[in-house]
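Novice: Structure file work.csv, CSV, C-alpha atoms, is pasted below:
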```
chain,number,residue,atom,x,y,z
A,1,MET,CA,107.1,229.3,224.4
A,2,ARG,CA,110.4,228.1,222.9
A,3,THR,CA,111.5,229.6,219.5
A,4,VAL,CA,114.9,228.0,219.0
A,5,TRP,CA,116.0,224.4,218.4
A,6,THR,CA,119.4,222.9,217.7
A,7,PHE,CA,120.7,219.8,216.0
A,8,HIS,CA,123.9,217.8,217.0
A,9,SER,CA,125.6,214.8,215.5
A,10,ALA,CA,128.8,212.9,215.5
A,11,VAL,CA,131.7,215.0,214.2
A,12,GLN,CA,132.0,212.7,211.2
A,13,ILE,CA,129.8,210.0,209.8
A,14,VAL,CA,131.3,207.4,207.5
A,15,PHE,CA,128.6,205.1,206.0
A,16,GLY,CA,128.6,202.2,203.5
A,17,GLN,CA,129.9,198.8,202.7
A,18,GLY,CA,133.6,198.6,203.5
A,19,ALA,CA,133.5,201.7,205.6
A,20,VAL,CA,135.5,200.0,208.4
A,21,GLY,CA,138.5,200.1,206.0
A,22,GLN,CA,138.7,203.9,206.7
A,23,LEU,CA,139.5,203.4,210.4
A,24,GLY,CA,143.2,203.8,209.9
A,25,ASP,CA,142.8,207.1,208.1
A,26,ILE,CA,140.4,208.4,210.8
A,27,ALA,CA,143.0,207.4,213.5
A,28,LEU,CA,145.8,209.2,211.6
A,29,ARG,CA,143.7,212.4,211.3
A,30,LEU,CA,143.1,212.2,215.0
A,31,LYS,CA,146.9,211.8,215.5
A,32,ALA,CA,146.2,208.7,217.5
A,33,LYS,CA,149.1,206.4,218.4
A,34,LYS,CA,147.3,203.9,220.7
A,35,ALA,CA,143.7,202.6,220.4
A,36,LEU,CA,141.6,200.6,222.8
A,37,ILE,CA,138.8,198.6,221.2
A,38,VAL,CA,135.8,198.0,223.5
A,39,THR,CA,133.9,194.9,222.5
A,40,ASP,CA,132.8,191.5,223.7
A,41,PRO,CA,133.8,187.8,223.4
A,42,ILE,CA,131.1,187.0,220.9
A,43,LEU,CA,132.3,189.6,218.4
A,44,GLU,CA,135.9,188.6,219.0
A,45,LYS,CA,135.0,185.0,218.2
A,46,ALA,CA,133.1,186.1,215.1
A,47,GLY,CA,136.2,187.8,213.7
A,48,LEU,CA,134.8,191.3,213.9
A,49,LEU,CA,137.4,192.5,216.4
A,50,GLU,CA,140.2,191.5,214.0
A,51,ARG,CA,138.4,193.3,211.1
A,52,VAL,CA,138.6,196.5,213.1
A,53,ARG,CA,142.0,195.9,214.6
A,54,GLN,CA,143.6,195.3,211.2
A,55,PRO,CA,143.2,198.8,209.6
A,56,LEU,CA,144.4,200.4,212.8
A,57,VAL,CA,147.5,198.3,213.0
A,58,GLU,CA,148.2,198.9,209.4
A,59,ALA,CA,148.1,202.6,210.2
A,60,GLY,CA,150.8,202.1,212.8
A,61,LEU,CA,148.7,202.2,215.9
A,62,LYS,CA,149.3,200.0,219.0
A,63,VAL,CA,146.0,198.4,219.6
A,64,SER,CA,144.6,196.8,222.8
A,65,ALA,CA,141.2,195.3,223.3
A,66,PHE,CA,138.8,195.2,226.2
A,67,THR,CA,136.5,192.2,225.6
A,68,GLY,CA,134.4,192.4,228.8
A,69,GLY,CA,131.4,193.9,227.1
A,70,GLU,CA,128.0,192.4,228.2
A,71,PRO,CA,124.4,192.8,227.3
A,72,GLU,CA,122.7,195.8,229.1
A,73,PRO,CA,126.1,196.6,230.7
A,74,SER,CA,126.5,197.1,234.4
A,75,MET,CA,128.4,199.8,236.2
A,76,ARG,CA,131.0,197.2,237.1
A,77,ALA,CA,131.7,196.5,233.4
A,78,ALA,CA,132.1,200.3,232.9
A,79,LEU,CA,134.7,200.4,235.7
A,80,ALA,CA,136.5,197.4,234.3
A,81,CYS,CA,136.7,199.1,230.9
A,82,TYR,CA,138.0,202.2,232.7
A,83,ASP,CA,140.7,200.2,234.5
A,84,MET,CA,142.0,198.9,231.2
A,85,ALA,CA,142.0,202.4,229.7
A,86,LYS,CA,144.0,203.7,232.6
A,87,THR,CA,146.5,200.9,232.1
A,88,THR,CA,146.9,201.2,228.3
A,89,GLN,CA,146.3,205.1,228.1
A,90,PRO,CA,144.8,205.1,224.6
A,91,ASP,CA,144.6,208.2,222.5
A,92,MET,CA,141.4,206.8,221.0
A,93,LEU,CA,138.6,204.4,222.1
A,94,VAL,CA,136.7,202.4,219.6
A,95,GLY,CA,133.3,201.1,220.6
A,96,LEU,CA,132.6,197.9,218.5
A,97,GLY,CA,129.3,196.2,218.8
A,98,GLY,CA,125.7,197.1,219.7
A,99,GLY,CA,124.7,199.9,221.9
A,100,SER,CA,126.0,198.1,225.0
A,101,ASN,CA,129.6,198.1,223.8
A,102,MET,CA,129.5,201.5,222.3
A,103,ASP,CA,128.1,202.9,225.6
A,104,LEU,CA,130.9,201.2,227.5
A,105,ALA,CA,133.4,202.9,225.2
A,106,LYS,CA,131.6,206.2,225.8
A,107,LEU,CA,131.9,205.8,229.5
A,108,GLY,CA,135.5,204.7,229.2
A,109,ALA,CA,136.2,207.9,227.3
A,110,VAL,CA,134.4,210.0,229.9
A,111,LEU,CA,136.2,208.4,232.9
A,112,LEU,CA,139.6,208.5,231.2
A,113,LYS,CA,139.3,212.2,230.7
A,114,HIS,CA,137.4,213.3,233.8
A,115,GLY,CA,137.8,210.5,236.4
A,116,GLY,CA,135.3,209.4,239.0
A,117,GLY,CA,132.7,206.7,238.4
A,118,PRO,CA,129.6,206.2,236.2
A,119,ARG,CA,127.2,207.4,238.9
A,120,ASP,CA,128.9,210.8,238.9
A,121,TYR,CA,127.5,211.5,235.5
A,122,VAL,CA,124.0,210.0,235.6
A,123,GLY,CA,121.3,212.4,234.3
A,124,ASP,CA,121.4,215.4,232.0
A,125,ASP,CA,124.5,217.5,231.2
A,126,LYS,CA,126.7,216.3,234.1
A,127,ILE,CA,129.9,215.8,231.9
A,128,PRO,CA,132.1,218.9,232.4
A,129,GLY,CA,133.8,219.0,229.0
A,130,PRO,CA,135.1,217.1,226.0
A,131,ILE,CA,136.0,213.4,226.4
A,132,ALA,CA,138.7,211.3,225.0
A,133,SER,CA,138.6,210.7,221.2
A,134,LEU,CA,135.8,208.2,220.5
A,135,VAL,CA,135.0,206.2,217.4
A,136,CYS,CA,131.8,204.1,217.3
A,137,VAL,CA,131.5,201.1,215.0
A,138,PRO,CA,128.0,199.4,215.2
A,139,THR,CA,127.5,195.7,214.5
A,140,THR,CA,123.8,195.8,215.0
A,141,ALA,CA,121.2,198.1,213.4
A,142,GLY,CA,119.2,199.6,216.3
A,143,THR,CA,120.5,201.8,219.1
A,144,GLY,CA,121.9,204.7,217.1
A,145,SER,CA,124.5,205.0,219.9
A,146,GLU,CA,127.1,205.7,217.2
A,147,VAL,CA,125.6,209.2,216.8
A,148,SER,CA,123.7,209.7,220.1
A,149,ALA,CA,124.4,211.8,223.1
A,150,ALA,CA,123.4,209.0,225.6
A,151,ALA,CA,125.0,206.1,227.4
A,152,VAL,CA,122.8,203.6,229.3
A,153,VAL,CA,124.1,201.3,232.1
A,154,THR,CA,122.4,199.1,234.6
A,155,ASP,CA,122.4,200.1,238.2
A,156,THR,CA,122.3,196.5,239.6
A,157,ASP,CA,122.0,197.7,243.2
A,158,ASN,CA,118.7,199.4,242.4
A,159,HIS,CA,117.6,197.1,239.5
A,160,ILE,CA,117.1,199.9,237.0
A,161,LYS,CA,118.8,201.2,233.9
A,162,VAL,CA,120.1,204.7,234.1
A,163,GLY,CA,121.0,207.2,231.4
A,164,ILE,CA,123.9,209.6,231.0
A,165,LEU,CA,123.0,212.4,228.6
A,166,SER,CA,125.5,215.0,227.2
A,167,ASN,CA,126.4,216.3,223.8
A,168,PHE,CA,130.0,215.6,224.8
A,169,LEU,CA,129.2,211.9,224.5
A,170,ARG,CA,128.7,212.2,220.7
A,171,SER,CA,131.4,210.3,218.9
A,172,THR,CA,134.3,211.8,217.1
A,173,ALA,CA,133.5,209.5,214.2
A,174,ALA,CA,130.7,207.1,213.5
A,175,VAL,CA,131.8,204.3,211.1
A,176,VAL,CA,128.7,202.4,209.9
A,177,ASP,CA,129.5,199.4,207.8
A,178,PRO,CA,126.5,197.3,207.0
A,179,LEU,CA,128.8,194.3,206.2
A,180,LEU,CA,129.5,194.1,209.9
A,181,THR,CA,125.9,193.3,210.6
A,182,LEU,CA,125.7,190.2,208.4
A,183,SER,CA,126.6,187.9,211.3
A,184,CYS,CA,123.9,189.4,213.6
A,185,PRO,CA,121.5,186.6,214.6
A,186,PRO,CA,117.8,186.9,213.8
A,187,LYS,CA,116.7,187.7,217.4
A,188,VAL,CA,119.3,190.4,217.9
A,189,THR,CA,118.3,191.8,214.4
A,190,ALA,CA,114.7,191.9,215.5
A,191,ASP,CA,115.3,193.4,218.9
A,192,SER,CA,117.7,196.0,217.5
A,193,GLY,CA,115.4,196.9,214.6
A,194,ILE,CA,112.3,197.5,216.6
A,195,ASP,CA,114.5,199.6,219.0
A,196,ALA,CA,115.3,201.8,216.0
A,197,LEU,CA,111.6,202.0,215.2
A,198,THR,CA,110.8,203.0,218.8
A,199,HIS,CA,113.4,205.8,218.6
A,200,ALA,CA,112.0,207.1,215.4
A,201,ILE,CA,108.3,207.0,216.4
A,202,GLU,CA,109.0,208.5,219.8
A,203,ALA,CA,110.9,211.4,218.2
A,204,TYR,CA,108.3,211.9,215.5
A,205,THR,CA,105.4,212.0,218.0
A,206,ALA,CA,107.2,213.9,220.8
A,207,VAL,CA,105.9,217.1,222.4
A,208,ASP,CA,106.5,220.0,220.1
A,209,ASN,CA,109.7,222.0,220.6
A,210,ALA,CA,107.7,225.2,221.2
A,211,ASP,CA,105.9,223.5,224.1
A,212,PHE,CA,108.8,221.5,225.6
A,213,PRO,CA,108.5,221.9,229.4
A,214,LEU,CA,112.1,222.5,230.4
A,215,PRO,CA,112.3,224.0,233.9
A,216,ALA,CA,114.2,227.3,234.2
A,217,GLY,CA,117.9,226.8,234.9
A,218,GLU,CA,118.0,223.2,233.6
A,219,ARG,CA,119.9,222.1,230.5
A,220,THR,CA,119.2,219.0,228.5
A,221,VAL,CA,120.2,217.5,225.1
A,222,TYR,CA,116.5,216.7,224.4
A,223,GLN,CA,114.2,219.5,223.2
A,224,GLY,CA,111.1,218.1,221.6
A,225,LYS,CA,109.9,217.7,218.0
A,226,HIS,CA,111.4,219.9,215.4
A,227,PRO,CA,111.9,219.8,211.6
A,228,MET,CA,115.4,218.2,211.4
A,229,GLY,CA,114.2,215.5,213.8
A,230,ASP,CA,111.1,214.9,211.8
A,231,MET,CA,113.1,214.5,208.6
A,232,CYS,CA,115.4,211.9,210.1
A,233,ALA,CA,112.6,210.1,211.9
A,234,GLU,CA,110.3,209.9,208.9
A,235,LYS,CA,113.0,208.3,206.7
A,236,ALA,CA,113.9,205.9,209.5
A,237,ILE,CA,110.3,204.7,209.9
A,238,ARG,CA,109.9,204.1,206.2
A,239,LEU,CA,113.2,202.1,206.1
A,240,VAL,CA,112.2,199.9,209.0
A,241,GLY,CA,108.8,199.2,207.5
A,242,LYS,CA,110.5,198.2,204.3
A,243,TYR,CA,113.5,196.3,205.5
A,244,LEU,CA,113.2,194.9,209.0
A,245,ARG,CA,111.2,191.8,208.2
A,246,ARG,CA,113.6,191.0,205.4
A,247,ALA,CA,116.7,191.5,207.6
A,248,VAL,CA,115.3,189.1,210.2
A,249,ASN,CA,114.2,186.5,207.7
A,250,ASP,CA,117.5,186.5,205.7
A,251,GLY,CA,120.5,187.9,207.5
A,252,HIS,CA,122.5,187.9,204.2
A,253,ASP,CA,120.1,190.2,202.4
A,254,ILE,CA,122.6,193.0,202.1
A,255,GLU,CA,120.1,195.5,200.7
A,256,ALA,CA,118.0,195.0,203.8
A,257,ARG,CA,121.0,195.1,206.1
A,258,GLU,CA,122.1,198.4,204.6
A,259,GLY,CA,118.6,199.8,204.8
A,260,MET,CA,118.4,198.9,208.5
A,261,ALA,CA,121.8,200.3,209.2
A,262,LEU,CA,120.7,203.6,207.7
A,263,ALA,CA,117.4,203.5,209.6
A,264,ALA,CA,119.2,203.0,212.9
A,265,LEU,CA,121.6,205.9,212.2
A,266,LEU,CA,118.8,208.3,211.2
A,267,ALA,CA,116.6,207.2,214.2
A,268,GLY,CA,119.7,207.9,216.4
A,269,LEU,CA,120.0,211.4,215.0
A,270,ALA,CA,116.3,212.0,215.5
A,271,PHE,CA,115.9,210.8,219.1
A,272,SER,CA,119.2,212.1,220.3
A,273,ASN,CA,118.1,215.7,219.5
A,274,VAL,CA,114.3,215.4,220.0
A,275,GLY,CA,114.2,212.9,222.8
A,276,VAL,CA,112.7,209.6,223.7
A,277,ALA,CA,109.7,209.4,225.9
A,278,LEU,CA,107.3,207.1,227.8
A,279,VAL,CA,108.3,203.9,226.2
A,280,HIS,CA,111.8,204.3,227.4
A,281,ALA,CA,110.8,205.5,230.8
A,282,MET,CA,108.8,202.3,231.2
A,283,GLU,CA,111.4,200.0,229.7
A,284,TYR,CA,114.2,201.1,232.0
A,285,PRO,CA,112.7,199.5,235.2
A,286,VAL,CA,111.5,196.5,233.2
A,287,GLY,CA,114.9,195.8,231.8
A,288,GLY,CA,116.5,196.3,235.2
A,289,ALA,CA,114.1,193.8,236.7
A,290,VAL,CA,114.3,190.9,234.2
A,291,HIS,CA,117.3,191.8,232.1
A,292,CYS,CA,115.5,191.5,228.7
A,293,SER,CA,117.2,193.3,225.9
A,294,HIS,CA,116.5,197.0,225.6
A,295,GLY,CA,115.1,196.6,222.1
A,296,ALA,CA,112.8,193.7,223.1
A,297,GLY,CA,111.5,195.7,226.1
A,298,ASN,CA,110.9,198.8,223.9
A,299,GLY,CA,109.3,196.8,221.1
A,300,LEU,CA,107.0,195.0,223.5
A,301,LEU,CA,105.8,198.3,225.1
A,302,LEU,CA,105.7,200.5,222.0
A,303,PRO,CA,102.2,199.8,220.7
A,304,TYR,CA,100.6,200.1,224.2
A,305,VAL,CA,102.2,203.5,224.7
A,306,MET,CA,101.3,204.6,221.2
A,307,ARG,CA,97.7,203.8,221.9
A,308,PHE,CA,97.9,206.0,225.1
A,309,ASN,CA,99.5,208.8,223.2
A,310,VAL,CA,97.2,208.9,220.1
A,311,PRO,CA,94.8,211.5,221.4
A,312,ALA,CA,97.6,213.9,221.9
A,313,LYS,CA,99.2,213.5,218.5
A,314,THR,CA,96.5,212.1,216.2
A,315,LYS,CA,97.9,213.7,213.0
A,316,ALA,CA,101.4,212.6,213.6
A,317,PHE,CA,100.3,209.0,214.3
A,318,ALA,CA,98.2,209.0,211.2
A,319,GLU,CA,101.4,210.1,209.3
A,320,VAL,CA,103.3,207.2,210.9
A,321,ALA,CA,100.6,204.8,209.7
A,322,ALA,CA,101.1,206.1,206.1
A,323,MET,CA,104.9,205.7,206.5
A,324,LEU,CA,104.4,202.1,207.4
A,325,GLY,CA,102.2,201.5,204.3
A,326,GLU,CA,98.8,201.8,205.9
A,327,ASP,CA,95.9,204.2,205.5
A,328,ALA,CA,96.6,207.5,207.2
A,329,VAL,CA,94.6,206.7,210.3
A,330,ALA,CA,96.2,207.0,213.7
A,331,GLU,CA,94.9,203.7,215.1
A,332,LYS,CA,96.4,201.9,212.1
A,333,ALA,CA,99.8,203.0,213.1
A,334,VAL,CA,99.4,201.0,216.4
A,335,ALA,CA,98.1,198.0,214.5
A,336,ALA,CA,101.0,198.2,212.0
A,337,VAL,CA,103.5,198.2,214.8
A,338,GLU,CA,101.8,195.3,216.6
A,339,LYS,CA,101.9,193.3,213.4
A,340,LEU,CA,105.5,194.0,212.7
A,341,ARG,CA,106.4,193.2,216.3
A,342,ASN,CA,104.6,189.8,216.0
A,343,ASP,CA,106.0,189.0,212.6
A,344,ILE,CA,109.6,189.4,213.8
A,345,GLY,CA,109.1,187.4,217.0
A,346,VAL,CA,109.3,190.2,219.6
A,347,PRO,CA,107.3,189.3,222.7
A,348,GLY,CA,103.9,191.0,223.1
A,349,ARG,CA,103.2,190.6,226.8
A,350,LEU,CA,105.2,191.4,230.0
A,351,ARG,CA,104.4,188.0,231.4
A,352,ASP,CA,106.3,186.5,228.4
A,353,ILE,CA,109.6,188.1,229.6
A,354,GLY,CA,109.2,187.1,233.2
A,355,ILE,CA,107.5,190.1,234.8
A,356,LYS,CA,105.2,189.2,237.7
A,357,GLN,CA,101.9,191.0,238.2
A,358,GLU,CA,102.9,192.0,241.7
A,359,GLN,CA,105.8,194.0,240.3
A,360,ILE,CA,103.7,196.3,238.2
A,361,ARG,CA,103.1,199.1,240.7
A,362,THR,CA,106.8,199.3,241.6
A,363,LEU,CA,107.7,199.4,237.9
A,364,ALA,CA,105.2,202.2,237.4
A,365,GLU,CA,106.6,204.2,240.3
A,366,LYS,CA,110.1,203.8,239.0
A,367,ALA,CA,109.1,204.9,235.5
A,368,PHE,CA,107.2,207.9,236.8
A,369,GLY,CA,110.4,209.0,238.5
A,370,ILE,CA,112.3,209.4,235.2
A,371,LYS,CA,111.1,213.0,234.5
A,372,ARG,CA,113.9,213.9,232.1
A,373,ILE,CA,112.3,211.7,229.4
A,374,LEU,CA,108.6,211.8,230.5
A,375,ARG,CA,108.6,215.5,229.7
A,376,VAL,CA,109.3,214.6,226.0
A,377,ASN,CA,106.0,212.6,225.9
A,378,PRO,CA,103.3,214.3,224.0
A,379,ARG,CA,100.7,213.5,226.7
A,380,SER,CA,101.3,214.1,230.4
A,381,VAL,CA,101.0,210.9,232.4
A,382,THR,CA,100.3,210.0,236.1
A,383,VAL,CA,101.7,207.0,237.9
A,384,ASP,CA,98.3,205.4,237.9
A,385,GLU,CA,98.1,205.8,234.1
A,386,ILE,CA,101.6,204.2,233.7
A,387,GLU,CA,100.4,201.3,235.9
A,388,GLY,CA,97.3,201.0,233.7
A,389,ILE,CA,99.5,200.8,230.5
A,390,PHE,CA,101.7,198.1,232.3
A,391,LYS,CA,98.5,196.2,233.1
A,392,ASP,CA,97.3,196.4,229.5
A,393,ALA,CA,100.7,195.0,228.4
A,394,TYR,CA,100.7,192.2,231.0
```
In structure tokens, what does this structure look like?
Specialist:
Amino acid sequence: MRTVWTFHSAVQIVFGQGAVGQLGDIALRLKAKKALIVTDPILEKAGLLERVRQPLVEAGLKVSAFTGGEPEPSMRAALACYDMAKTTQPDMLVGLGGGSNMDLAKLGAVLLKHGGGPRDYVGDDKIPGPIASLVCVPTTAGTGSEVSAAAVVTDTDNHIKVGILSNFLRSTAAVVDPLLTLSCPPKVTADSGIDALTHAIEAYTAVDNADFPLPAGERTVYQGKHPMGDMCAEKAIRLVGKYLRRAVNDGHDIEAREGMALAALLAGLAFSNVGVALVHAMEYPVGGAVHCSHGAGNGLLLPYVMRFNVPAKTKAFAEVAAMLGEDAVAEKAVAAVEKLRNDIGVPGRLRDIGIKQEQIRTLAEKAFGIKRILRVNPRSVTVDEIEGIFKDAY
């Protein structure tokens, strides 16, 4: 039985409207002379790259930009980012965007410091030491990557998303400015928001820290449900229940945008210490097969997995129901999430995102192989049970 838990975060969190204006001060405190902003063409066109570049230039930094970010980024994109980092030799990398761009910046910071390729670091605790200075600036409210210890890339050769987990991946500074999310379109807002909810619910209903089944000799950033994780997850669930529909329906509702930015941040702190579980294990092969967004895949699968897990964590799921404004009955948590998912337009069936029935067994086998997160799940699961959940979701 485990008796000790830990809690890790970014070195510094800067939150609030106009927070991006503090980037210059952050860079100066880090004694940075050169910065590489990692982003994508859409955010460059929307003017967000310039909003981040300006305070850095005003602080005297030489600023370059890698604009090759892509949804659900491939290992090729990570290597392209690394190539530019080797050329420009920045003192600081700035991940600007959703989780995809922030994760590319994380990988760039790893490779710049330690060399090699992304595959060298896949799994738990494979990064040998501190990485290059990293600042994360989210433009969506979902992944929590700005404070997490994870980076996810797509292994296109094997058609699966893979995770790199290490507390060295946590950013030097997380700069969360809700004003940067105002241009986020409704679908991305919905997908990102339900991703944050998935993070919070999986953390709140995870296996207890005391019972976390970590094999002898292994190290991991995930450790099961504990009080600090509960505190962050509970607040995140309440915020999503209150603000996600509003943020999707009116992107300029600044109160809703700020509420969702805080929800994503808190959910990131929760899951990156407690862990994610069966939803994520099932989404990784789904996303690798059809290239749906990570948030849409998680949101689609979330209620089906919740229903499977209810017998193992009935009290926790009843509390989730209450957090979402329902009676404190476990099954009502599932219904509340299904209603929210439908209200914001996230698909409810695997067939809706292009999965074929004949793919299900292979998807189940791939999911069953992701032991590092399956052990966080409150209920042990067989490959046949995973296949059954996929069939229910089909």
Novice: For Pro90 (chain A), which residue out of A:Lys106, A:Lys45, A:Lys34, A:Arg372 is the nearest one, using all atoms listed in the file?
Specialist: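 Going through A:Lys106, A:Lys45, A:Lys34, A:Arg372 one by one, the smallest distance to Pro90 (chain A) is for A:Lys34.
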Novice: Rank A:Ala173, A:Leu182, A:Ala296, A:Ile160 by their smallest atom-to-atom distance to Glu365 (chain A), using all atoms listed in the file, and report the top residue only.
Specialist: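 Among A:Ala173, A:Leu182, A:Ala296, A:Ile160, it is A:Ile160 that comes nearest to Glu365 (chain A).
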Novice: Excluding same-chain residues fewer than 5 positions from Phe212 (chain A), what lies within 9 Å of it counting only C-alpha atoms, as a ChimeraX atom specification?
Specialist: /A:1-2,207,223-225,375-376
Novice: Nearest residue to Gly287 (chain A) out of A:Gly229, A:Arg238, A:Val153, A:Ala330, using all atoms listed in the file?
Specialist: A:Val153
Novice: What lies within 10 Å of region 337-354 of chain A using all atoms listed in the file, ignoring chain neighbours under 5 positions off, as a ChimeraX atom specification?
Specialist: /A:186-187,189-191,193-194,197-198,240-241,244-249,286-287,289-293,295-304,306,320-321,324,332,360,390-394
Novice: With all atoms listed in the file as the basis for distance, which of A:Gly268, A:Pro41, A:Pro55, A:Gly142 is at the shortest distance from Asp25 (chain A)?
Specialist: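 Closest residue, counting all atoms listed in the file: A:Pro55.
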Novice: Using all atoms listed in the file, determine which residues lie at most 12 Å from Glu319 (chain A), disregarding the query and same-chain residues fewer than 5 positions distant; provide the list as a ChimeraX atom specification.
Specialist: /A:201,204-205,230,233-234,237-238,310,313-314,324-334
Novice: Keeping only C-alpha atoms, write the selected residues as a PDB file, keeping the file's coordinate frame.
Specialist:
```
ATOM      1  CA  ILE A 201     108.300 207.000 216.400  1.00  0.00           C
ATOM      2  CA  TYR A 204     108.300 211.900 215.500  1.00  0.00           C
ATOM      3  CA  THR A 205     105.400 212.000 218.000  1.00  0.00           C
ATOM      4  CA  ASP A 230     111.100 214.900 211.800  1.00  0.00           C
ATOM      5  CA  ALA A 233     112.600 210.100 211.900  1.00  0.00           C
ATOM      6  CA  GLU A 234     110.300 209.900 208.900  1.00  0.00           C
ATOM      7  CA  ILE A 237     110.300 204.700 209.900  1.00  0.00           C
ATOM      8  CA  ARG A 238     109.900 204.100 206.200  1.00  0.00           C
ATOM      9  CA  VAL A 310      97.200 208.900 220.100  1.00  0.00           C
ATOM     10  CA  LYS A 313      99.200 213.500 218.500  1.00  0.00           C
ATOM     11  CA  THR A 314      96.500 212.100 216.200  1.00  0.00           C
ATOM     12  CA  LEU A 324     104.400 202.100 207.400  1.00  0.00           C
ATOM     13  CA  GLY A 325     102.200 201.500 204.300  1.00  0.00           C
ATOM     14  CA  GLU A 326      98.800 201.800 205.900  1.00  0.00           C
ATOM     15  CA  ASP A 327      95.900 204.200 205.500  1.00  0.00           C
ATOM     16  CA  ALA A 328      96.600 207.500 207.200  1.00  0.00           C
ATOM     17  CA  VAL A 329      94.600 206.700 210.300  1.00  0.00           C
ATOM     18  CA  ALA A 330      96.200 207.000 213.700  1.00  0.00           C
ATOM     19  CA  GLU A 331      94.900 203.700 215.100  1.00  0.00           C
ATOM     20  CA  LYS A 332      96.400 201.900 212.100  1.00  0.00           C
ATOM     21  CA  ALA A 333      99.800 203.000 213.100  1.00  0.00           C
ATOM     22  CA  VAL A 334      99.400 201.000 216.400  1.00  0.00           C
TER      23      VAL A 334
END
```
Novice: Quick one, how far is CA of Met260 (chain A) from CA of Ala77 (chain A)?
Specialist: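 About the pair CA of Met260 (chain A) and CA of Ala77 (chain A): they are 28.3 Å apart.
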Novice: In Å to one decimal, how far is CA of Phe15 (chain A) from CA of Ala151 (chain A)?
Specialist: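 Going from CA of Ala151 (chain A) over to CA of Phe15 (chain A) covers 21.7 Å.
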Novice: Record the distance separating CA of Gly47 (chain A) and CA of Gly98 (chain A), expressed in Å with one decimal.
Specialist: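 Atom-to-atom, CA of Gly47 (chain A) to CA of Gly98 (chain A), that is 15.3 Å.
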Novice: Restricting the calculation to all atoms listed in the file, which member of A:Asn101, A:Gln357, A:Gln54, A:Ser192 is positioned closest to Val135 (chain A)?
Specialist: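 Residue with the minimum atom-to-atom distance to Val135 (chain A): A:Asn101.
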Novice: Point out the residue among A:Leu104, A:Leu165, A:Val63, A:Ala196 with the least atom-to-atom distance to Arg219 (chain A), counting all atoms listed in the file.
Specialist: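 Of A:Leu104, A:Leu165, A:Val63, A:Ala196, the one nearest Arg219 (chain A) is A:Leu165, counting all atoms listed in the file.
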Novice: Hey, which bits of region 179-235 of chain A sit within 8 Å of region 5-8 of chain A, and for each residue what's the closest pair of atoms and how far apart in Å (one decimal), counting all atoms listed in the file, rows by chain and increasing number, as JSON lines?
Specialist:
```
{"residue": "A:Asn209", "atom": "CA", "partner": "A:Trp5", "partner_atom": "CA", "distance": 7.1}
{"residue": "A:Gln223", "atom": "CA", "partner": "A:Trp5", "partner_atom": "CA", "distance": 7.1}
{"residue": "A:His226", "atom": "CA", "partner": "A:Trp5", "partner_atom": "CA", "distance": 7.1}
{"residue": "A:Met228", "atom": "CA", "partner": "A:Phe7", "partner_atom": "CA", "distance": 7.2}
```
Novice: Write a file of the just-selected residues containing C-alpha atoms, as a PDB file, in the frame of the given file.
Specialist:
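Everything below was put into again.pdb:
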```pdb
ATOM      1  CA  ASN A 209     109.700 222.000 220.600  1.00  0.00           C
ATOM      2  CA  GLN A 223     114.200 219.500 223.200  1.00  0.00           C
ATOM      3  CA  HIS A 226     111.400 219.900 215.400  1.00  0.00           C
ATOM      4  CA  MET A 228     115.400 218.200 211.400  1.00  0.00           C
TER       5      MET A 228
END
```
Novice: In the coordinate frame of the file, compute which residues have an atom within 6 Å of (116.3, 199.4, 204.8) when using all atoms listed in the file, and state them as JSON, numbers by chain.
Specialist: {"A": [239, 240, 242, 243, 256, 258, 259, 260]}
Novice: Would you kindly return, as a list in words, each protein, DNA or RNA residue with an atom no farther than 7 Å from any atom of His159 (chain A), considering all atoms listed in the file and excluding same-chain residues fewer than 4 positions away?
Specialist: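 Answer for this query is Asp155, Pro285, Gly288 and Ala289 of chain A.
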Novice: Would you mind listing what lies within 12 Å of Lys31 (chain A) as a compact mmCIF listing (two decimals) with C-alpha atoms, in the frame of the given file, with all atoms listed in the file counted and same-chain residues fewer than 6 positions away left out?
Specialist:
```txt
# COMPACT_ATOMS: atom_id res chain seq x y z
CA GLY A 24 143.20 203.80 209.90
CA ASP A 25 142.80 207.10 208.10
CA LEU A 56 144.40 200.40 212.80
CA ALA A 59 148.10 202.60 210.20
CA GLY A 60 150.80 202.10 212.80
CA LEU A 61 148.70 202.20 215.90
CA PRO A 90 144.80 205.10 224.60
CA ASP A 91 144.60 208.20 222.50
CA MET A 92 141.40 206.80 221.00
CA SER A 133 138.60 210.70 221.20
```
